[in-house]
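Have a look at the structure below before the remarks.
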Amino acid sequence: MSKYLDLSIKEIHELLVKEEITPLDLVDEALNRIEDTKDLNAFITINDKVREEAKNLGKVDKDNLFFGIPIAIKDNIITKNMRTTCASHILDNFIPIYDATVIKKIKEAKMLIIGKANMDEFAMGSTSETSYFGSPLNPHDKKRTAGGSSGGSAAIVSANIVPFALGSDTGGSIRQPASYTGIVGMKPTYGRISRYGLVAFASSLDQIGPMSRTVYENAALLNILVGEDDYDLTSANRVKEDFTRLIGEDIKNMKIALPKFFISDIVDKEISNKIKEVISYLKEKGAIVDIIDMKYLDTAVTLYQIIAMAEASSNLARFDGIRYGFREDNTKTVDEMYTKTRGEGFGDEVKRRIMVGSYILSGKNAKIYYDKALKVRDDITKEFARIFKDYDLIIGPTTTRVAPLLGTSKDDPHKAFMDDVLVIPVNMAGLPGLNVPIGKNSENMPIGLHIIGKAFDEALIYKLASFIEEGF
Amino acid sequence: MTNYVPTIGIEVHVEVKSKSKLFSNSANTYGMATNTDVNVIDLGYPGTLPTINKEIIKQGIRAAHILNCNITHKMHFDRKNYFYPDNPKNYQITQNRTPIGTNGYVEIEVDGIKKKIEIEEIHIEEDTCKSAHRGNVSLLDFNRAGVPLIEIVTKPCINNSKEATSYLTKLKELLFYANISDCKMEEGSMRCDANVSISKDNTLGVKTEIKNISSIHNVGLAILEEINRQKEILESGNTIKEETRRFDDKQNKTILMRVKETGNDYRYFIEPDIPYLELTDEFITDALKTLPLLPDELREKYKKIGLTPLQIEKIIANRALNSYFLGLLEYKTNYTIAINLLLSDIASYLNKHNKLITDTNLTYDKLVTVINSLESGELSNKNIKEIIPSLMETDKTLEQLKDEFNIKNITDNSFIKDIITKVIENNPDSVNDYKNGHDRAIKYLMGQVMKETKGSVNPKIANDLLIDTLNK
């Protein structure tokens with residue numbers, strides 16, 4: 001059995017250029033690995049045309065690092081002619097007629113979509129246990145969660161089924177599963193990557209991002225995903241840049257802030273200790289690391305619950321059984337059709353969030369909760385800006401604990417949000433944030449470092465992440 | 001019966017003219033085959049996002065300007081959330097908090113008294129799709145979904161049905177002339193709702209809303225009927241309920257549709273998919289640059305060049321002919337002859353052949369030669385009727401047409417004098433009548449002259465000569 005997919009993509013690319021292997025070899029290997037890791041439940045749909053696509057890819061382009069490289073796509077990103085379910089019963093028969101902008105870019109780069117990754121239903125959850133298709137498992141310990149909501153994507157990369165996956169991050173959904181499964185996950189700046197074709201959960205927070213085995217490969221994939229899109233008014237018009245360009249540079253005199261909140265009691269001791277080791281290492285290498293006070297970080301989860309649920313209640317209103325997706329047919333009135341379709345089509349967590357969101361926006365509540373949350377959100381953004389006047393980057397642990405056992409947070413919906421307490425502030429401010437693995441705990445579970453940058457400063461994040469990945 | 005004072009507010013929706021829909025690039029047209037002018041955005045497909053059609057924002061600016069509104073420079077869109085099958089996303093993108101225009105007015109004149117009908121606000125929003133009910137199935141046509149609308153809301157400042165119809169007539173004329181909307185009520189491109197209440201004192205009575213009235217005339221009738229209905233209820237000691245009604249023009253009655261439930265809760269919030277729009281002065285100036293002359297400005301202008309009130313109203317009532325006439329004003333010619341010609345022979349030719357004047361071969365240069373020939377008497381009104389089709393349909397010059405139709409208007413004085421002498425000799429009675437001060441006799445004598453010459457003498461010259469001869 002071949003092991004080409006264990007190689008770096010640079011090495012794979014060389015083999016393709018030398019015609020020692022073909023894209024079909026890579027796809028067949030990936031399909032075998034999917035078969036061998038079926039128990040991970042990481043995929044919802046396998047692309048049954050992928051072998052054909054691999055054969056028809058044409059001549060290898062020696063300047064295109066991604067030619068023929070397989071990738072998994074989180075199942076809330078729209079793929080033309082390939083079922084896109086959002087891990088929900090309400091879309092379990094939904095075959096889209098268009099491609100998301102990122103999917104167009106993936107296809108232009110001649111990458112091969114191997115399948116659609118499991119996730120929390122409509123990306124709502126932090127353990128991927130709300131999936132209609134059952135939860136994916138953590139390859140490091142199958143009794144544990146792979147995190148969420150991009151749990152399937154994380155498990156796929158972590159188990160090295162394929163080198164890449166796309167995830168989406170509304171309140172930590174790329175970085176937290178990346179941390180739980182020991183991979184690199186980037187949530188880019190809001191607006192960096194077009195959201196056109198990402199099934200909306202909370203429009204003002206959602207962002208697609210790359211998940212990979214290494215920092216370099218993550219930065220390289222980001223290169224092909226970004227860009228202003230006429231179909232997404234919130235996408236940003238930025239000068240084209242190479243996100244790998246600072247990788248390998250020295251970090252001497254880099255100014256790094258560590259907010260006290262990120263190493264407070266809420267964080268597991270073993271994780272705090274690991275972070276402290278990282279700090280020592282960075283200082284030793286000439287970086288300046290200051291422990292600082294930062295306001296409002298503790299309000300982020302509350303804000304997230306208000307803003308994300310409010311937007312979600314509206315975004316998910318379109319799933320009514322009229323134009324696409326599941327419909328309960330045996331009904332007499334329109335209202336009955338809505339009630340039964342949505343009652344059966346959505347799972348408990350989704351319904352809970354729609355109800356809370358509707359309540360938050362109802363009548364006077366909109367002012368009491370939603371408008372106020374937007375104001376505090378501005379304050380968080382300003383607070384980040386204040387810190388970034390003096391510092392290049394902010395660091396902390398990505399999660400307060402290692403991947404928990406499956407089934408432990410399902411009965412306490414509120415507690416589940418606490419898995420994302422350290423990563424949510426970044427979504428509130430629209431900033432880029434990345435998880436890079438920094439080792440394991442005593443149970444041999446991965447621990448991740450969270451690096452936060454200024455808006456559109458992803459390249460600097462990659463520089464520090466790569467430095468730690470190489471040396472720490 | 002004591003006097004009740006009615007208070008009326010009117011909401012008008014007009015479909016805005018533009019190439020494409022408000023949030024997608026589907027064509028903004030009318031009358032296409034069902035569900036053929038639709039894309040994934042109009043359908044509210046998962047993952048799709050709205051884009052903004054700047055052309056429609058410009059139309060909004062023009063509407064705000066001609067309705068004397070303050071233009072909102074920094075504005076956003078809002079989501080109005082409600083479930084209905086004709087509402088593809090189950091929210092409508094509209095402007096709730098920052099309407100594009102506020103505090104405007106339309107000046108009307110009723111029975112010689114001028115009044116400003118105050119406009120509370122105007123805003124831009126998307127139309128829903130059209131539903132049709134066949135037996136126990138409902139069908140949806142998405143061609144209309146996303147068509148741009150401007151909603152114009154008056155303050156409750158209208159006091160009777162005459163004011164209401166006069167306001168609507170004026171509003172329609174303005175929006176039509178500014179090329180903002182076709183304002184065809186029969187095609188639904190202009191829709192009216194009227195809110196009616198009555199009261200004996202300064203407090204406002206309970207209002208009812210009459211929805212979707214089919215013509216301006218019917219708005220007048222509906223308001224009259226609704227006022228009467230409310231009077232009867234109050235006189236009989238009952239109370240008015242807040243409800244939505246419709247007007248049945250066959251029965252000449254308003255009919256209950258539904259009783260309003262306490263405060264519709266639309267859960268408005270700022271549309272997160274569309275960033276705030278900053279309308280720069282430059283953008284606004286640019287939008288207003290293309291604004292054509294509006295009816296009141298035209299009235300002023302035409303009065304100055306000596307048109308009669310009747311001529312003015314007639315030409316304004318025909319926008320295409322009016323715009324042609326405006327172009328003619330660039331030429332020096334006799335505008336009274338021009339307007340008579342346009343409104344009579346030319347208008348009836350165009351009507352008969354269902355053509356626009358711009359579809360004909362009547363160039364300004366050609367028209368000016370015709371007008372000048374009419375003025376000098378080389379051409380008679382009778383000649384015009386003969387040559388009109390050729391004038392409109394061919395490239396031939398007036399000279400060529402005169403040859404072709406053998407038109408030789410006799411301007412030779414001695415020839416005309418001979419005829420006049422003959423007529424005077426043959427009609428001594430009329431000559432006597434004239435000498436006794438009966439001016440009417442001159443008309444009879446002129447008639448005889450024209451009869452003798454078969455209409456081929458210049459009537460003005462003949463008339464002058466006749467009077468000369470008689471006075472000798």
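Residue numbering restarts at 1 for every chain of the structure tokens, chains are lettered A, B, ... in their displayed order, and ligands are numbered from 1 as they appear.
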Check every residue of chain B for an atom within 10 Å of chain A, counting only C-alpha atoms, and provide those that qualify as a PyMOL selection string.
chain B and resi 23-24+40-41+43-52+79-91+136+138+140+263-275
Take the residues from that selection and put them in a file with C-alpha atoms, as a CSV table (one decimal), in the first residue's frame.
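The new file part_35.csv reads:
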chain,number,residue,atom,x,y,z
B,23,PHE,CA,-29.9,42.1,-5.3
B,24,SER,CA,-29.1,39.9,-8.3
B,40,VAL,CA,-30.2,31.2,-7.2
B,41,ILE,CA,-30.2,34.6,-5.4
B,43,LEU,CA,-34.7,31.8,-5.1
B,44,GLY,CA,-33.1,32.4,-1.7
B,45,TYR,CA,-30.8,29.4,-2.3
B,46,PRO,CA,-28.6,28.3,0.6
B,47,GLY,CA,-25.3,30.1,0.6
B,48,THR,CA,-26.3,32.9,-1.7
B,49,LEU,CA,-25.8,36.6,-0.8
B,50,PRO,CA,-27.3,39.8,-2.0
B,51,THR,CA,-25.3,42.2,-4.2
B,52,ILE,CA,-26.4,45.8,-4.6
B,79,ARG,CA,-34.2,42.4,7.4
B,80,LYS,CA,-37.9,42.1,7.9
B,81,ASN,CA,-38.6,38.6,9.1
B,82,TYR,CA,-41.9,36.9,8.4
B,83,PHE,CA,-42.9,33.5,6.9
B,84,TYR,CA,-44.9,33.4,3.7
B,85,PRO,CA,-44.5,31.2,0.7
B,86,ASP,CA,-44.0,34.2,-1.7
B,87,ASN,CA,-41.1,35.4,0.5
B,88,PRO,CA,-38.1,33.2,-0.7
B,89,LYS,CA,-35.8,33.8,2.2
B,90,ASN,CA,-38.6,34.3,4.7
B,91,TYR,CA,-37.2,37.7,5.3
B,136,ASN,CA,-56.1,23.3,-3.6
B,138,SER,CA,-50.6,27.2,-4.8
B,140,LEU,CA,-45.2,30.5,-7.3
B,263,GLY,CA,-48.3,44.7,16.7
B,264,ASN,CA,-46.8,42.7,14.0
B,265,ASP,CA,-43.4,41.6,15.1
B,266,TYR,CA,-41.0,41.6,12.2
B,267,ARG,CA,-37.9,41.1,14.2
B,268,TYR,CA,-36.1,43.8,12.2
B,269,PHE,CA,-32.3,43.9,12.4
B,270,ILE,CA,-29.5,45.3,10.2
B,271,GLU,CA,-28.8,43.2,7.1
B,272,PRO,CA,-25.3,41.8,7.8
B,273,ASP,CA,-24.7,40.8,4.2
B,274,ILE,CA,-24.8,44.4,2.9
B,275,PRO,CA,-22.2,46.9,4.4
Where does DSSP see helix (DSSP H, G or I) in region 161-354 of chain B, if you list the residues as a PyMOL selection string?
chain B and resi 161-177+185-187+216-235+281-289+295-304+309-316+319-328+335-353
Which residue out of A:Glu270, A:Asp390, A:Asp412, A:Asp348 has the minimum interatomic distance to Met445 (chain A) when only C-alpha atoms are used?
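The answer is A:Glu270, which sits nearest to Met445 (chain A).
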Near Val5 (chain B), counting only C-alpha atoms, which residues have an atom at most 9 Å away, once you skip same-chain residues fewer than 4 positions from it, shown as a PyMOL selection string?
chain B and resi 159-160+197-202
How would the residues just picked look written out with N, CA and C atoms as a PDB file, in the first residue's frame?
ATOM      1  N   ASN B 159     -57.056  64.717   4.110  1.00  0.00           N
ATOM      2  CA  ASN B 159     -58.345  64.856   4.783  1.00  0.00           C
ATOM      3  C   ASN B 159     -59.566  64.403   4.000  1.00  0.00           C
ATOM      4  N   ASN B 160     -59.383  64.149   2.728  1.00  0.00           N
ATOM      5  CA  ASN B 160     -60.541  63.661   1.986  1.00  0.00           C
ATOM      6  C   ASN B 160     -60.094  62.913   0.737  1.00  0.00           C
ATOM      7  N   SER B 197     -58.969  56.817   9.078  1.00  0.00           N
ATOM      8  CA  SER B 197     -59.647  56.879  10.374  1.00  0.00           C
ATOM      9  C   SER B 197     -60.472  58.159  10.396  1.00  0.00           C
ATOM     10  N   ILE B 198     -61.464  58.212  11.277  1.00  0.00           N
ATOM     11  CA  ILE B 198     -62.234  59.447  11.410  1.00  0.00           C
ATOM     12  C   ILE B 198     -62.338  59.799  12.887  1.00  0.00           C
ATOM     13  N   SER B 199     -62.517  61.082  13.144  1.00  0.00           N
ATOM     14  CA  SER B 199     -62.586  61.528  14.529  1.00  0.00           C
ATOM     15  C   SER B 199     -63.318  62.863  14.600  1.00  0.00           C
ATOM     16  N   LYS B 200     -63.945  63.107  15.749  1.00  0.00           N
ATOM     17  CA  LYS B 200     -64.645  64.388  15.910  1.00  0.00           C
ATOM     18  C   LYS B 200     -63.740  65.442  16.517  1.00  0.00           C
ATOM     19  N   ASP B 201     -62.689  64.987  17.179  1.00  0.00           N
ATOM     20  CA  ASP B 201     -61.817  65.960  17.830  1.00  0.00           C
ATOM     21  C   ASP B 201     -60.379  65.802  17.334  1.00  0.00           C
ATOM     22  N   ASN B 202     -59.434  66.285  18.119  1.00  0.00           N
ATOM     23  CA  ASN B 202     -58.046  66.280  17.677  1.00  0.00           C
ATOM     24  C   ASN B 202     -57.342  64.929  17.823  1.00  0.00           C
TER      25      ASN B 202
END
Please, which residues of region 209-264 of chain B, numbered as in this document, come out strand (DSSP E or B) from DSSP, as a count of residues only?
18
Tell me which of B:Phe325, B:Tyr177, B:Phe142, B:Tyr335 sits closest to Val38 (chain B), counting only C-alpha atoms.
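The closest residue to Val38 (chain B) is B:Phe142.
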Take CA of Met75 (chain B) and CA of Thr98 (chain B) and report the distance between them in Å, one decimal.
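Separating CA of Met75 (chain B) from CA of Thr98 (chain B) is a distance of 5.2 Å.
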Would you mind listing what lies within 12 Å of Lys314 (chain B) as a list in words, with only C-alpha atoms counted and same-chain residues fewer than 5 positions away left out?
Pro295, Leu298, Arg299, Tyr302, Leu307, Thr308, Pro309, Arg319, Ala320, Leu321, Asn322, Phe325, Ile339, Asn340, Leu342, Leu343, Ser344 and Ala347 of chain B
Using N, CA and C atoms, can you write the selected residues to a file as an mmCIF file, in the first residue's frame?
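For reference, result_39.cif as written:
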data_model
loop_
_atom_site.group_PDB
_atom_site.id
_atom_site.type_symbol
_atom_site.label_atom_id
_atom_site.label_comp_id
_atom_site.auth_asym_id
_atom_site.auth_seq_id
_atom_site.Cartn_x
_atom_site.Cartn_y
_atom_site.Cartn_z
ATOM 1 N N PRO B 295 -42.923 67.802 -14.587
ATOM 2 C CA PRO B 295 -44.131 68.478 -15.081
ATOM 3 C C PRO B 295 -44.274 69.939 -14.677
ATOM 4 N N LEU B 298 -41.952 72.004 -16.585
ATOM 5 C CA LEU B 298 -42.396 72.079 -17.976
ATOM 6 C C LEU B 298 -43.521 73.100 -18.125
ATOM 7 N N ARG B 299 -44.466 73.054 -17.198
ATOM 8 C CA ARG B 299 -45.604 73.984 -17.248
ATOM 9 C C ARG B 299 -45.105 75.419 -17.297
ATOM 10 N N TYR B 302 -43.398 76.135 -20.694
ATOM 11 C CA TYR B 302 -44.326 76.209 -21.828
ATOM 12 C C TYR B 302 -45.187 77.468 -21.762
ATOM 13 N N LEU B 307 -47.746 78.712 -24.844
ATOM 14 C CA LEU B 307 -48.728 77.641 -25.044
ATOM 15 C C LEU B 307 -49.925 77.893 -24.132
ATOM 16 N N THR B 308 -51.107 77.429 -24.566
ATOM 17 C CA THR B 308 -52.306 77.576 -23.736
ATOM 18 C C THR B 308 -52.302 76.487 -22.670
ATOM 19 N N PRO B 309 -53.021 76.695 -21.556
ATOM 20 C CA PRO B 309 -53.077 75.663 -20.506
ATOM 21 C C PRO B 309 -53.502 74.300 -21.065
ATOM 22 N N ARG B 319 -45.682 61.617 -22.649
ATOM 23 C CA ARG B 319 -44.277 61.842 -22.300
ATOM 24 C C ARG B 319 -43.338 61.767 -23.509
ATOM 25 N N ALA B 320 -43.623 60.833 -24.418
ATOM 26 C CA ALA B 320 -42.724 60.665 -25.564
ATOM 27 C C ALA B 320 -42.796 61.888 -26.473
ATOM 28 N N LEU B 321 -44.020 62.345 -26.726
ATOM 29 C CA LEU B 321 -44.217 63.510 -27.593
ATOM 30 C C LEU B 321 -43.633 64.754 -26.931
ATOM 31 N N ASN B 322 -43.789 64.797 -25.593
ATOM 32 C CA ASN B 322 -43.255 65.928 -24.847
ATOM 33 C C ASN B 322 -41.743 66.004 -24.982
ATOM 34 N N PHE B 325 -40.941 67.329 -28.288
ATOM 35 C CA PHE B 325 -41.228 68.764 -28.353
ATOM 36 C C PHE B 325 -40.132 69.570 -27.653
ATOM 37 N N ILE B 339 -46.989 72.991 -31.836
ATOM 38 C CA ILE B 339 -47.731 72.206 -30.835
ATOM 39 C C ILE B 339 -49.069 71.744 -31.410
ATOM 40 N N ASN B 340 -49.710 72.634 -32.215
ATOM 41 C CA ASN B 340 -50.984 72.231 -32.821
ATOM 42 C C ASN B 340 -50.798 71.041 -33.749
ATOM 43 N N LEU B 342 -48.348 68.832 -33.660
ATOM 44 C CA LEU B 342 -47.983 67.635 -32.886
ATOM 45 C C LEU B 342 -49.196 67.013 -32.222
ATOM 46 N N LEU B 343 -50.044 67.871 -31.631
ATOM 47 C CA LEU B 343 -51.167 67.342 -30.853
ATOM 48 C C LEU B 343 -52.328 66.881 -31.736
ATOM 49 N N SER B 344 -52.387 67.370 -33.002
ATOM 50 C CA SER B 344 -53.505 66.948 -33.839
ATOM 51 C C SER B 344 -53.074 65.893 -34.853
ATOM 52 N N ALA B 347 -50.180 63.427 -33.671
ATOM 53 C CA ALA B 347 -50.631 62.541 -32.593
ATOM 54 C C ALA B 347 -51.599 61.498 -33.117
#
Non-local contacts of region 126-128 of chain B (6 Å; only C-alpha atoms; under 3 positions in same chain excluded) as a PyMOL selection string
chain B and resi 86-87+145-149
Can you measure CA of Ile354 (chain A) to CA of Asp78 (chain B) for me? One decimal in Å is fine.
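Between CA of Ile354 (chain A) and CA of Asp78 (chain B) the gap works out to 18.6 Å.
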